[in-house]
file final_1.pdb (PDB, C-alpha atoms, pLDDT in the B column)
MODEL        1
ATOM      1  CA  VAL A   1      14.153  -0.674 -17.417  1.00 65.00           C
ATOM      2  CA  ASP A   2      17.871   0.043 -17.052  1.00 70.00           C
ATOM      3  CA  LEU A   3      17.450   3.508 -15.528  1.00 73.00           C
ATOM      4  CA  VAL A   4      14.839   2.596 -12.933  1.00 77.00           C
ATOM      5  CA  ALA A   5      16.812  -0.448 -11.782  1.00 77.00           C
ATOM      6  CA  CYS A   6      19.341   1.982 -10.305  1.00 81.00           C
ATOM      7  CA  GLN A   7      16.702   4.279  -8.781  1.00 87.00           C
ATOM      8  CA  PRO A   8      14.370   2.080  -6.694  1.00 90.00           C
ATOM      9  CA  ILE A   9      13.468   4.863  -4.249  1.00 93.00           C
ATOM     10  CA  GLU A  10      12.418   7.199  -7.058  1.00 94.00           C
ATOM     11  CA  VAL A  11      10.373   4.446  -8.720  1.00 93.00           C
ATOM     12  CA  LYS A  12       8.628   3.743  -5.423  1.00 95.00           C
ATOM     13  CA  LYS A  13       7.908   7.445  -4.916  1.00 96.00           C
ATOM     14  CA  THR A  14       6.359   7.701  -8.386  1.00 96.00           C
ATOM     15  CA  ASN A  15       4.391   4.470  -8.730  1.00 96.00           C
ATOM     16  CA  VAL A  16       3.459   3.708  -5.117  1.00 98.00           C
ATOM     17  CA  ASP A  17       3.460   7.018  -3.239  1.00 98.00           C
ATOM     18  CA  GLY A  18       2.227   8.856  -6.329  1.00 98.00           C
ATOM     19  CA  THR A  19      -0.709   6.477  -6.757  1.00 98.00           C
ATOM     20  CA  GLN A  20      -1.624   6.828  -3.087  1.00 98.00           C
ATOM     21  CA  ASN A  21      -1.470  10.627  -3.386  1.00 98.00           C
ATOM     22  CA  VAL A  22      -3.820  10.616  -6.387  1.00 98.00           C
ATOM     23  CA  LEU A  23      -6.298   8.293  -4.671  1.00 98.00           C
ATOM     24  CA  GLU A  24      -6.380  10.373  -1.501  1.00 98.00           C
ATOM     25  CA  ALA A  25      -6.630  13.644  -3.448  1.00 98.00           C
ATOM     26  CA  ALA A  26      -9.508  12.264  -5.539  1.00 98.00           C
ATOM     27  CA  LEU A  27     -11.358  11.306  -2.364  1.00 98.00           C
ATOM     28  CA  GLU A  28     -10.720  14.712  -0.800  1.00 97.00           C
ATOM     29  CA  VAL A  29     -12.088  16.695  -3.785  1.00 98.00           C
ATOM     30  CA  GLY A  30     -15.117  14.454  -4.301  1.00 97.00           C
ATOM     31  CA  ALA A  31     -14.099  12.788  -7.566  1.00 97.00           C
ATOM     32  CA  LYS A  32     -16.331   9.950  -8.731  1.00 97.00           C
ATOM     33  CA  ARG A  33     -13.883   7.648 -10.495  1.00 98.00           C
ATOM     34  CA  VAL A  34     -10.160   6.881 -10.541  1.00 98.00           C
ATOM     35  CA  LEU A  35      -8.681   4.583 -13.190  1.00 98.00           C
ATOM     36  CA  LEU A  36      -5.053   3.494 -12.836  1.00 98.00           C
ATOM     37  CA  ILE A  37      -3.133   2.808 -16.052  1.00 97.00           C
ATOM     38  CA  SER A  38      -0.993  -0.230 -15.271  1.00 97.00           C
ATOM     39  CA  THR A  39       1.254  -2.525 -17.288  1.00 94.00           C
ATOM     40  CA  ASP A  40       1.878  -6.179 -18.003  1.00 93.00           C
ATOM     41  CA  LYS A  41       5.143  -5.685 -16.074  1.00 93.00           C
ATOM     42  CA  ALA A  42       2.996  -5.821 -12.910  1.00 95.00           C
ATOM     43  CA  VAL A  43       2.195  -9.494 -13.551  1.00 96.00           C
ATOM     44  CA  MET A  44       4.648 -11.714 -11.673  1.00 93.00           C
ATOM     45  CA  PRO A  45       7.203  -8.860 -11.740  1.00 92.00           C
ATOM     46  CA  GLU A  46      10.916  -9.386 -12.290  1.00 87.00           C
ATOM     47  CA  ASN A  47      12.124  -5.833 -11.692  1.00 88.00           C
ATOM     48  CA  ILE A  48      11.480  -2.838  -9.437  1.00 90.00           C
ATOM     49  CA  TYR A  49       9.280  -1.142 -12.020  1.00 90.00           C
ATOM     50  CA  GLY A  50       6.936  -4.125 -12.250  1.00 92.00           C
ATOM     51  CA  ALA A  51       6.920  -4.610  -8.472  1.00 94.00           C
ATOM     52  CA  THR A  52       5.855  -1.012  -7.840  1.00 96.00           C
ATOM     53  CA  LYS A  53       3.178  -1.178 -10.545  1.00 96.00           C
ATOM     54  CA  MET A  54       1.825  -4.346  -8.932  1.00 97.00           C
ATOM     55  CA  MET A  55       1.588  -2.514  -5.617  1.00 98.00           C
ATOM     56  CA  ALA A  56      -0.085   0.437  -7.347  1.00 98.00           C
ATOM     57  CA  GLU A  57      -2.711  -1.983  -8.692  1.00 98.00           C
ATOM     58  CA  GLN A  58      -3.358  -3.357  -5.203  1.00 97.00           C
ATOM     59  CA  LEU A  59      -3.539   0.119  -3.685  1.00 98.00           C
ATOM     60  CA  THR A  60      -6.100   1.154  -6.286  1.00 98.00           C
ATOM     61  CA  THR A  61      -8.378  -1.872  -6.166  1.00 97.00           C
ATOM     62  CA  GLN A  62      -8.438  -2.100  -2.368  1.00 97.00           C
ATOM     63  CA  PHE A  63      -8.805   1.658  -1.871  1.00 98.00           C
ATOM     64  CA  ASN A  64     -12.470   1.013  -2.621  1.00 98.00           C
ATOM     65  CA  ALA A  65     -12.807  -0.212   0.976  1.00 97.00           C
ATOM     66  CA  ILE A  66     -12.325   3.429   2.017  1.00 96.00           C
ATOM     67  CA  SER A  67     -13.573   5.316  -1.028  1.00 97.00           C
ATOM     68  CA  TYR A  68     -16.594   3.359  -2.285  1.00 97.00           C
ATOM     69  CA  PRO A  69     -18.885   4.234   0.662  1.00 96.00           C
ATOM     70  CA  ARG A  70     -17.954   7.896   0.039  1.00 97.00           C
ATOM     71  CA  GLY A  71     -18.835   7.833  -3.664  1.00 97.00           C
ATOM     72  CA  LEU A  72     -15.410   7.204  -5.252  1.00 98.00           C
ATOM     73  CA  THR A  73     -14.983   4.099  -7.433  1.00 98.00           C
ATOM     74  CA  CYS A  74     -11.442   2.901  -8.296  1.00 98.00           C
ATOM     75  CA  SER A  75     -10.330   0.370 -10.930  1.00 98.00           C
ATOM     76  CA  VAL A  76      -7.328  -0.524 -13.110  1.00 98.00           C
ATOM     77  CA  VAL A  77      -6.551  -1.092 -16.780  1.00 98.00           C
ATOM     78  CA  ARG A  78      -3.510  -3.218 -17.601  1.00 97.00           C
ATOM     79  CA  PHE A  79      -1.806  -2.761 -20.982  1.00 92.00           C
ATOM     80  CA  GLY A  80       1.161  -4.181 -22.820  1.00 87.00           C
ATOM     81  CA  ASN A  81       3.499  -1.943 -24.797  1.00 83.00           C
ATOM     82  CA  LEU A  82       1.799   0.784 -26.837  1.00 86.00           C
ATOM     83  CA  TRP A  83       2.665   0.884 -30.536  1.00 87.00           C
ATOM     84  CA  ARG A  84       5.062   3.772 -31.246  1.00 79.00           C
ATOM     85  CA  SER A  85       4.722   5.331 -27.816  1.00 79.00           C
ATOM     86  CA  ARG A  86       7.377   7.891 -26.965  1.00 75.00           C
ATOM     87  CA  GLY A  87      10.821   6.304 -26.654  1.00 71.00           C
ATOM     88  CA  SER A  88       9.706   2.951 -28.087  1.00 81.00           C
ATOM     89  CA  VAL A  89      12.115   0.630 -29.859  1.00 88.00           C
ATOM     90  CA  ILE A  90      10.276   1.252 -33.133  1.00 91.00           C
ATOM     91  CA  ASP A  91      11.459   4.829 -33.476  1.00 90.00           C
ATOM     92  CA  LEU A  92      14.954   3.923 -32.307  1.00 91.00           C
ATOM     93  CA  TRP A  93      15.118   1.222 -34.966  1.00 94.00           C
ATOM     94  CA  ILE A  94      13.699   3.473 -37.682  1.00 93.00           C
ATOM     95  CA  ASP A  95      16.416   6.023 -36.919  1.00 93.00           C
ATOM     96  CA  ALA A  96      19.109   3.340 -37.079  1.00 94.00           C
ATOM     97  CA  ALA A  97      17.753   1.875 -40.330  1.00 95.00           C
ATOM     98  CA  GLN A  98      17.595   5.294 -41.963  1.00 94.00           C
ATOM     99  CA  ARG A  99      21.268   5.790 -41.083  1.00 94.00           C
ATOM    100  CA  GLY A 100      22.207   2.350 -42.360  1.00 93.00           C
ATOM    101  CA  LYS A 101      23.115   1.086 -38.880  1.00 95.00           C
ATOM    102  CA  ASP A 102      22.410  -2.359 -37.414  1.00 95.00           C
ATOM    103  CA  LEU A 103      19.329  -2.668 -35.201  1.00 95.00           C
ATOM    104  CA  LEU A 104      20.167  -3.775 -31.652  1.00 93.00           C
ATOM    105  CA  ILE A 105      17.861  -6.522 -30.345  1.00 93.00           C
ATOM    106  CA  THR A 106      17.968  -8.126 -26.913  1.00 90.00           C
ATOM    107  CA  SER A 107      16.745 -11.573 -28.011  1.00 93.00           C
ATOM    108  CA  MET A 108      15.736 -13.137 -31.302  1.00 94.00           C
ATOM    109  CA  HIS A 109      12.976 -15.026 -29.458  1.00 94.00           C
ATOM    110  CA  MET A 110      11.354 -12.086 -27.630  1.00 95.00           C
ATOM    111  CA  THR A 111       7.613 -11.454 -28.035  1.00 96.00           C
ATOM    112  CA  ARG A 112       5.369  -8.563 -27.048  1.00 94.00           C
ATOM    113  CA  PHE A 113       1.705  -7.537 -27.135  1.00 94.00           C
ATOM    114  CA  VAL A 114       0.631  -4.905 -29.701  1.00 92.00           C
ATOM    115  CA  LEU A 115      -1.823  -2.100 -28.945  1.00 91.00           C
ATOM    116  CA  SER A 116      -2.132   1.293 -30.644  1.00 89.00           C
ATOM    117  CA  MET A 117      -2.442   4.506 -28.662  1.00 89.00           C
ATOM    118  CA  SER A 118      -5.870   5.238 -30.137  1.00 90.00           C
ATOM    119  CA  SER A 119      -7.151   1.753 -29.221  1.00 92.00           C
ATOM    120  CA  ALA A 120      -5.799   2.188 -25.697  1.00 94.00           C
ATOM    121  CA  CYS A 121      -7.618   5.520 -25.315  1.00 94.00           C
ATOM    122  CA  GLU A 122     -10.863   4.017 -26.606  1.00 95.00           C
ATOM    123  CA  PHE A 123     -10.520   1.115 -24.182  1.00 96.00           C
ATOM    124  CA  ILE A 124      -9.962   3.522 -21.277  1.00 97.00           C
ATOM    125  CA  HIS A 125     -13.103   5.475 -22.174  1.00 97.00           C
ATOM    126  CA  ASN A 126     -15.146   2.263 -22.321  1.00 96.00           C
ATOM    127  CA  VAL A 127     -13.811   1.111 -18.941  1.00 97.00           C
ATOM    128  CA  LEU A 128     -14.629   4.453 -17.334  1.00 97.00           C
ATOM    129  CA  ARG A 129     -18.249   3.902 -18.359  1.00 95.00           C
ATOM    130  CA  SER A 130     -18.492   0.291 -17.163  1.00 94.00           C
ATOM    131  CA  MET A 131     -16.189  -0.031 -14.124  1.00 96.00           C
ATOM    132  CA  GLU A 132     -17.853  -1.081 -10.877  1.00 95.00           C
ATOM    133  CA  GLY A 133     -14.866  -0.753  -8.549  1.00 96.00           C
ATOM    134  CA  GLY A 134     -11.969  -3.080  -7.774  1.00 97.00           C
ATOM    135  CA  GLU A 135     -11.627  -4.720 -11.206  1.00 97.00           C
ATOM    136  CA  ILE A 136      -8.546  -4.933 -13.408  1.00 98.00           C
ATOM    137  CA  PHE A 137      -9.437  -4.668 -17.105  1.00 98.00           C
ATOM    138  CA  VAL A 138      -7.159  -6.304 -19.687  1.00 97.00           C
ATOM    139  CA  PRO A 139      -7.747  -5.871 -23.451  1.00 96.00           C
ATOM    140  CA  ILE A 140      -7.419  -8.872 -25.755  1.00 95.00           C
ATOM    141  CA  VAL A 141      -4.842  -7.862 -28.362  1.00 93.00           C
ATOM    142  CA  PRO A 142      -2.553  -9.528 -30.936  1.00 94.00           C
ATOM    143  CA  CYS A 143       1.105 -10.294 -30.356  1.00 95.00           C
ATOM    144  CA  MET A 144       4.298  -9.848 -32.326  1.00 96.00           C
ATOM    145  CA  ARG A 145       7.698 -11.449 -32.504  1.00 96.00           C
ATOM    146  CA  VAL A 146      10.140  -8.603 -31.931  1.00 96.00           C
ATOM    147  CA  HIS A 147      12.466 -10.140 -34.519  1.00 96.00           C
ATOM    148  CA  ASP A 148       9.666  -9.816 -37.108  1.00 97.00           C
ATOM    149  CA  LEU A 149       9.268  -6.159 -36.204  1.00 96.00           C
ATOM    150  CA  GLY A 150      12.965  -5.596 -36.845  1.00 96.00           C
ATOM    151  CA  VAL A 151      12.708  -7.299 -40.230  1.00 96.00           C
ATOM    152  CA  ALA A 152       9.746  -5.062 -41.096  1.00 96.00           C
ATOM    153  CA  VAL A 153      11.613  -1.909 -40.045  1.00 96.00           C
ATOM    154  CA  ILE A 154      14.637  -2.832 -42.166  1.00 96.00           C
ATOM    155  CA  ALA A 155      12.453  -3.630 -45.174  1.00 94.00           C
ATOM    156  CA  THR A 156      10.605  -0.333 -44.846  1.00 93.00           C
ATOM    157  CA  TYR A 157      13.244   2.183 -43.775  1.00 93.00           C
ATOM    158  CA  ALA A 158      16.791   0.913 -44.424  1.00 93.00           C
ATOM    159  CA  THR A 159      18.870   3.186 -46.677  1.00 91.00           C
ATOM    160  CA  ALA A 160      21.849   0.816 -46.695  1.00 93.00           C
ATOM    161  CA  PRO A 161      22.409  -2.869 -45.901  1.00 93.00           C
ATOM    162  CA  CYS A 162      21.848  -3.514 -42.184  1.00 93.00           C
ATOM    163  CA  SER A 163      20.728  -6.345 -39.959  1.00 94.00           C
ATOM    164  CA  LEU A 164      19.608  -7.257 -36.444  1.00 94.00           C
ATOM    165  CA  ALA A 165      22.496  -7.335 -33.958  1.00 94.00           C
ATOM    166  CA  LEU A 166      22.055  -9.365 -30.755  1.00 91.00           C
ATOM    167  CA  MET A 167      22.903  -7.484 -27.537  1.00 87.00           C
ATOM    168  CA  GLY A 168      21.369  -9.700 -24.806  1.00 82.00           C
ATOM    169  CA  LEU A 169      18.622  -9.020 -22.265  1.00 77.00           C
ATOM    170  CA  ARG A 170      18.875  -5.671 -20.512  1.00 74.00           C
ATOM    171  CA  PRO A 171      20.311  -5.789 -16.967  1.00 70.00           C
ATOM    172  CA  GLY A 172      17.313  -4.107 -15.297  1.00 69.00           C
ATOM    173  CA  GLY A 173      15.188  -7.248 -15.487  1.00 71.00           C
ATOM    174  CA  GLU A 174      13.709  -7.639 -18.966  1.00 82.00           C
ATOM    175  CA  LYS A 175      11.240 -10.443 -19.681  1.00 88.00           C
ATOM    176  CA  LEU A 176      11.542 -12.613 -22.760  1.00 91.00           C
ATOM    177  CA  HIS A 177       7.745 -12.837 -22.974  1.00 94.00           C
ATOM    178  CA  GLU A 178       5.050 -10.779 -21.308  1.00 93.00           C
ATOM    179  CA  ARG A 179       2.050 -12.017 -19.340  1.00 95.00           C
ATOM    180  CA  MET A 180      -1.229 -10.190 -18.833  1.00 96.00           C
ATOM    181  CA  LEU A 181      -2.663 -12.589 -16.214  1.00 97.00           C
ATOM    182  CA  SER A 182      -0.909 -14.147 -13.240  1.00 95.00           C
ATOM    183  CA  ASP A 183      -1.270 -17.809 -12.294  1.00 94.00           C
ATOM    184  CA  ASP A 184      -3.853 -16.881  -9.645  1.00 94.00           C
ATOM    185  CA  GLU A 185      -6.023 -14.491 -11.656  1.00 96.00           C
ATOM    186  CA  PRO A 186      -7.853 -16.735 -14.196  1.00 95.00           C
ATOM    187  CA  LYS A 187     -10.031 -18.299 -11.492  1.00 93.00           C
ATOM    188  CA  ARG A 188     -11.508 -14.849 -10.742  1.00 94.00           C
ATOM    189  CA  THR A 189     -11.533 -13.495 -14.306  1.00 96.00           C
ATOM    190  CA  ILE A 190     -14.369 -13.308 -16.822  1.00 95.00           C
ATOM    191  CA  GLN A 191     -14.181 -12.541 -20.551  1.00 94.00           C
ATOM    192  CA  ARG A 192     -16.506  -9.907 -21.996  1.00 90.00           C
ATOM    193  CA  ASP A 193     -16.584  -7.753 -25.141  1.00 87.00           C
ATOM    194  CA  GLY A 194     -12.966  -8.176 -26.211  1.00 90.00           C
ATOM    195  CA  HIS A 195     -11.357  -7.957 -22.784  1.00 95.00           C
ATOM    196  CA  TYR A 196     -10.713  -9.834 -19.553  1.00 96.00           C
ATOM    197  CA  ARG A 197     -12.166  -8.486 -16.316  1.00 96.00           C
ATOM    198  CA  ILE A 198     -10.243  -9.566 -13.203  1.00 96.00           C
ATOM    199  CA  HIS A 199     -12.183  -9.400  -9.933  1.00 95.00           C
ATOM    200  CA  PRO A 200     -10.306  -8.548  -6.710  1.00 94.00           C
ATOM    201  CA  THR A 201      -9.333 -11.197  -4.177  1.00 90.00           C
ATOM    202  CA  HIS A 202     -11.212  -9.286  -1.463  1.00 88.00           C
ATOM    203  CA  ARG A 203     -14.281  -7.095  -1.882  1.00 91.00           C
ATOM    204  CA  SER A 204     -15.397  -5.772   1.500  1.00 92.00           C
ATOM    205  CA  TRP A 205     -17.035  -2.550   0.302  1.00 93.00           C
ATOM    206  CA  THR A 206     -20.289  -3.901  -1.172  1.00 91.00           C
ATOM    207  CA  ASP A 207     -22.416  -7.042  -1.434  1.00 88.00           C
ATOM    208  CA  THR A 208     -23.640  -6.175  -4.941  1.00 87.00           C
ATOM    209  CA  PRO A 209     -22.442  -8.885  -7.376  1.00 86.00           C
ATOM    210  CA  TYR A 210     -20.228  -7.977 -10.303  1.00 88.00           C
ATOM    211  CA  LEU A 211     -21.452  -8.188 -13.875  1.00 82.00           C
ATOM    212  CA  ALA A 212     -21.983 -11.885 -14.582  1.00 82.00           C
ATOM    213  CA  GLY A 213     -19.804 -13.867 -16.956  1.00 84.00           C
ATOM    214  CA  GLN A 214     -18.104 -17.194 -17.516  1.00 84.00           C
ATOM    215  CA  LEU A 215     -14.933 -17.608 -15.499  1.00 89.00           C
ATOM    216  CA  LEU A 216     -11.768 -18.527 -17.384  1.00 94.00           C
ATOM    217  CA  PRO A 217     -10.317 -22.026 -16.975  1.00 92.00           C
ATOM    218  CA  GLU A 218      -8.250 -22.217 -13.795  1.00 87.00           C
ATOM    219  CA  HIS A 219      -4.918 -22.730 -15.594  1.00 91.00           C
ATOM    220  CA  PHE A 220      -5.590 -20.308 -18.467  1.00 95.00           C
ATOM    221  CA  GLN A 221      -2.614 -18.210 -19.578  1.00 95.00           C
ATOM    222  CA  TYR A 222      -2.518 -14.973 -21.546  1.00 96.00           C
ATOM    223  CA  ARG A 223       1.065 -14.597 -22.785  1.00 95.00           C
ATOM    224  CA  SER A 224       2.701 -12.753 -25.636  1.00 96.00           C
ATOM    225  CA  ASP A 225       4.281 -15.982 -26.935  1.00 95.00           C
ATOM    226  CA  SER A 226       0.863 -17.623 -27.304  1.00 92.00           C
ATOM    227  CA  GLY A 227      -0.277 -15.579 -30.327  1.00 87.00           C
ATOM    228  CA  PRO A 228      -2.065 -14.841 -32.512  1.00 92.00           C
ATOM    229  CA  PHE A 229       0.954 -13.156 -34.076  1.00 96.00           C
ATOM    230  CA  LEU A 230       1.057 -10.292 -36.534  1.00 95.00           C
ATOM    231  CA  SER A 231       3.074 -11.281 -39.606  1.00 96.00           C
ATOM    232  CA  VAL A 232       6.016  -9.329 -41.019  1.00 96.00           C
ATOM    233  CA  GLU A 233       3.607  -8.075 -43.700  1.00 95.00           C
ATOM    234  CA  ASP A 234       1.114  -6.946 -41.025  1.00 95.00           C
ATOM    235  CA  LEU A 235       3.857  -5.086 -39.178  1.00 95.00           C
ATOM    236  CA  THR A 236       5.122  -3.514 -42.399  1.00 94.00           C
ATOM    237  CA  ASP A 237       1.635  -2.235 -43.158  1.00 92.00           C
ATOM    238  CA  LEU A 238       1.388  -0.764 -39.666  1.00 90.00           C
ATOM    239  CA  LEU A 239       4.727   0.985 -40.072  1.00 90.00           C
ATOM    240  CA  LYS A 240       3.608   2.493 -43.381  1.00 86.00           C
ATOM    241  CA  THR A 241       0.212   3.685 -42.206  1.00 82.00           C
ATOM    242  CA  ASP A 242       0.592   4.418 -38.504  1.00 66.00           C
ATOM    243  CA  ILE A 243       1.620   7.900 -37.390  1.00 55.00           C
ATOM    244  CA  PRO A 244       3.284   8.374 -34.002  1.00 50.00           C
ATOM    245  CA  GLU A 245       0.752   9.720 -31.504  1.00 45.00           C
ATOM    246  CA  ALA A 246       1.734  12.397 -28.990  1.00 38.00           C
TER     247      ALA A 246
ENDMDL
END
call {"tool": "encode", "arguments": {"input": "final_1.pdb", "output": "structure tokens"}}
result
Amino acid sequence: VDLVACQPIEVKKTNVDGTQNVLEAALEVGAKRVLLISTDKAVMPENIYGATKMMAEQLTTQFNAISYPRGLTCSVVRFGNLWRSRGSVIDLWIDAAQRGKDLLITSMHMTRFVLSMSSACEFIHNVLRSMEGGEIFVPIVPCMRVHDLGVAVIATYATAPCSLALMGLRPGGEKLHERMLSDDEPKRTIQRDGHYRIHPTHRSWTDTPYLAGQLLPEHFQYRSDSGPFLSVEDLTDLLKTDIPEA
């Protein structure tokens, strides 16, 4: 978050121009499907990273207007943070705890979604089989209080007395809580098989109806501070059994 806040042009080149390049290349070589991996940061974004991911989502879903008649279907999956992904706070905190250092935390009230790398990969494979073009797929996953994660890390890895040290929200535009659906999306979202399926605002490329399902209530919210929350014990068990995935 901090690094990209100072490099908006590079972020735009990667997330916006890069997405466009992949879509156009896929169409040129005759690929059948493109699936963009997006992030909850794209929902009502507060920083340049989220804003460019939101645009990447729109580029991908609406590219179907060009690609669908030529045999290329494009959709999006939207994830929260992946458990123990490279550079995650978990490994930073484990390192600090093992050295007996305090764990830096931006807010004692912060919450996040929890999804393992293996579950994310399985979800992607399932979406690739079921996508119809233009949808955004969002898995239904548990949440955690980041403070509870810190407590679990200290209990599991600390070699000397240490605690959580408050540092404040990062200057690049860090959210206290994450959202997986915007205010507008529930009215065009259905729930199926452990995930939400968001239909696009415009669908000019085909008259075939999407897979049927019950729309969410108009004012439905899917936020990381809404729970259900993993307990400190749940997080401790995950830390003891989960192995970082490359």
call {"tool": "resolve_selection", "arguments": {"input": "final_1.pdb", "expression": "the PyMOL selection byres ((chain A and resi 208-210) around 10)", "output": "ChimeraX atom specification"}}
result
/A:131-135,199,203,205-207,211-213
call {"tool": "residues_around", "arguments": {"input": "final_1.pdb", "residues": "Leu239 of chain A", "least_positions_apart": "4", "cutoff": "10 Å", "atoms": "all atoms listed in the file", "output": "list in words"}}
result
Trp83, Arg84, Ile90, Ile94, Leu149, Ala152, Val153, Thr156, Tyr157, Glu233, Asp234, Leu235, Ile243 and Pro244 of chain A
call {"tool": "write_last_selection", "arguments": {"input": "final_1.pdb", "atoms": "C-alpha atoms", "output": "compact mmCIF listing (two decimals), keeping the file's coordinate frame"}}
result
# COMPACT_ATOMS: atom_id res chain seq x y z
CA TRP A 83 2.66 0.88 -30.54
CA ARG A 84 5.06 3.77 -31.25
CA ILE A 90 10.28 1.25 -33.13
CA ILE A 94 13.70 3.47 -37.68
CA LEU A 149 9.27 -6.16 -36.20
CA ALA A 152 9.75 -5.06 -41.10
CA VAL A 153 11.61 -1.91 -40.04
CA THR A 156 10.60 -0.33 -44.85
CA TYR A 157 13.24 2.18 -43.78
CA GLU A 233 3.61 -8.07 -43.70
CA ASP A 234 1.11 -6.95 -41.02
CA LEU A 235 3.86 -5.09 -39.18
CA ILE A 243 1.62 7.90 -37.39
CA PRO A 244 3.28 8.37 -34.00
call {"tool": "closest_residue", "arguments": {"input": "final_1.pdb", "among": "A:Asn47, A:Glu57, A:Glu174, A:Asn64", "to": "Glu24 of chain A", "atoms": "only C-alpha atoms"}}
result
A:Asn64
call {"tool": "resolve_selection", "arguments": {"input": "final_1.pdb", "expression": "the PyMOL selection byres ((chain A and resi 178) around 6)", "output": "list in words"}}
result
His177, Arg179, Arg223 and Ser224 of chain A
call {"tool": "closest_residue", "arguments": {"input": "final_1.pdb", "among": "A:Ile136, A:Ala96, A:Cys143, A:Met108", "to": "Gln58 of chain A", "atoms": "all atoms listed in the file"}}
result
A:Ile136
call {"tool": "resolve_selection", "arguments": {"input": "final_1.pdb", "expression": "the PyMOL selection byres ((chain A and resi 154) around 10)", "output": "PyMOL selection string"}}
result
chain A and resi 93-94+96-98+100-103+148-153+155-164+236
call {"tool": "residues_around", "arguments": {"input": "final_1.pdb", "residues": "Thr189 of chain A", "least_positions_apart": "6", "cutoff": "12 Å", "atoms": "only C-alpha atoms", "output": "ChimeraX atom specification"}}
result
/A:135-138,180-183,195-201,210-222
call {"tool": "atom_distance", "arguments": {"input": "final_1.pdb", "atom1": "atom CA of Leu35 of chain A", "atom2": "atom CA of Leu230 of chain A"}}
result
29.3 Å
call {"tool": "closest_residue", "arguments": {"input": "final_1.pdb", "among": "A:Thr60, A:Ser204, A:Gly194, A:Arg33", "to": "Gly18 of chain A", "atoms": "only C-alpha atoms"}}
result
A:Thr60
call {"tool": "closest_residue", "arguments": {"input": "final_1.pdb", "among": "A:Leu169, A:Ala26, A:Val89, A:Val76", "to": "Phe123 of chain A", "atoms": "all atoms listed in the file"}}
result
A:Val76
call {"tool": "decode", "arguments": {"input": "final_1.pdb", "residues": "segment 60-101 of chain A", "atoms": "C-alpha atoms", "output": "PDB file, in the first residue's frame"}}
result
ATOM      1  CA  THR A  60     -12.509  -7.489 -18.023  1.00  0.00           C
ATOM      2  CA  THR A  61     -16.267  -7.776 -17.623  1.00  0.00           C
ATOM      3  CA  GLN A  62     -17.093  -5.359 -20.444  1.00  0.00           C
ATOM      4  CA  PHE A  63     -14.448  -6.765 -22.796  1.00  0.00           C
ATOM      5  CA  ASN A  64     -17.032  -9.462 -23.472  1.00  0.00           C
ATOM      6  CA  ALA A  65     -18.773  -6.970 -25.774  1.00  0.00           C
ATOM      7  CA  ILE A  66     -15.798  -7.416 -28.125  1.00  0.00           C
ATOM      8  CA  SER A  67     -14.578 -10.896 -27.239  1.00  0.00           C
ATOM      9  CA  TYR A  68     -17.722 -12.962 -26.618  1.00  0.00           C
ATOM     10  CA  PRO A  69     -18.885 -13.017 -30.271  1.00  0.00           C
ATOM     11  CA  ARG A  70     -15.356 -14.204 -31.167  1.00  0.00           C
ATOM     12  CA  GLY A  71     -15.338 -17.086 -28.680  1.00  0.00           C
ATOM     13  CA  LEU A  72     -13.521 -15.511 -25.702  1.00  0.00           C
ATOM     14  CA  THR A  73     -15.347 -15.370 -22.351  1.00  0.00           C
ATOM     15  CA  CYS A  74     -14.021 -13.042 -19.604  1.00  0.00           C
ATOM     16  CA  SER A  75     -14.915 -12.944 -15.893  1.00  0.00           C
ATOM     17  CA  VAL A  76     -13.462 -11.921 -12.515  1.00  0.00           C
ATOM     18  CA  VAL A  77     -12.850 -13.462  -9.102  1.00  0.00           C
ATOM     19  CA  ARG A  78     -12.561 -11.085  -6.151  1.00  0.00           C
ATOM     20  CA  PHE A  79     -10.635 -12.217  -3.061  1.00  0.00           C
ATOM     21  CA  GLY A  80      -9.672 -10.800   0.295  1.00  0.00           C
ATOM     22  CA  ASN A  81      -6.198 -11.323   1.722  1.00  0.00           C
ATOM     23  CA  LEU A  82      -4.752 -14.811   1.241  1.00  0.00           C
ATOM     24  CA  TRP A  83      -3.559 -16.570   4.390  1.00  0.00           C
ATOM     25  CA  ARG A  84       0.257 -16.516   4.560  1.00  0.00           C
ATOM     26  CA  SER A  85       0.722 -15.217   1.037  1.00  0.00           C
ATOM     27  CA  ARG A  86       4.184 -13.887   0.280  1.00  0.00           C
ATOM     28  CA  GLY A  87       4.957 -10.741   2.276  1.00  0.00           C
ATOM     29  CA  SER A  88       1.891 -11.081   4.517  1.00  0.00           C
ATOM     30  CA  VAL A  89       1.803  -9.648   8.020  1.00  0.00           C
ATOM     31  CA  ILE A  90       1.714 -13.179   9.441  1.00  0.00           C
ATOM     32  CA  ASP A  91       5.282 -13.988   8.479  1.00  0.00           C
ATOM     33  CA  LEU A  92       6.480 -10.538   9.510  1.00  0.00           C
ATOM     34  CA  TRP A  93       4.891 -11.031  12.920  1.00  0.00           C
ATOM     35  CA  ILE A  94       6.240 -14.565  13.306  1.00  0.00           C
ATOM     36  CA  ASP A  95       9.747 -13.244  12.647  1.00  0.00           C
ATOM     37  CA  ALA A  96       9.285 -10.472  15.212  1.00  0.00           C
ATOM     38  CA  ALA A  97       7.847 -12.846  17.829  1.00  0.00           C
ATOM     39  CA  GLN A  98      10.695 -15.306  17.360  1.00  0.00           C
ATOM     40  CA  ARG A  99      13.145 -12.464  18.011  1.00  0.00           C
ATOM     41  CA  GLY A 100      11.218 -11.281  21.050  1.00  0.00           C
ATOM     42  CA  LYS A 101      10.212  -8.002  19.385  1.00  0.00           C
TER      43      LYS A 101
END
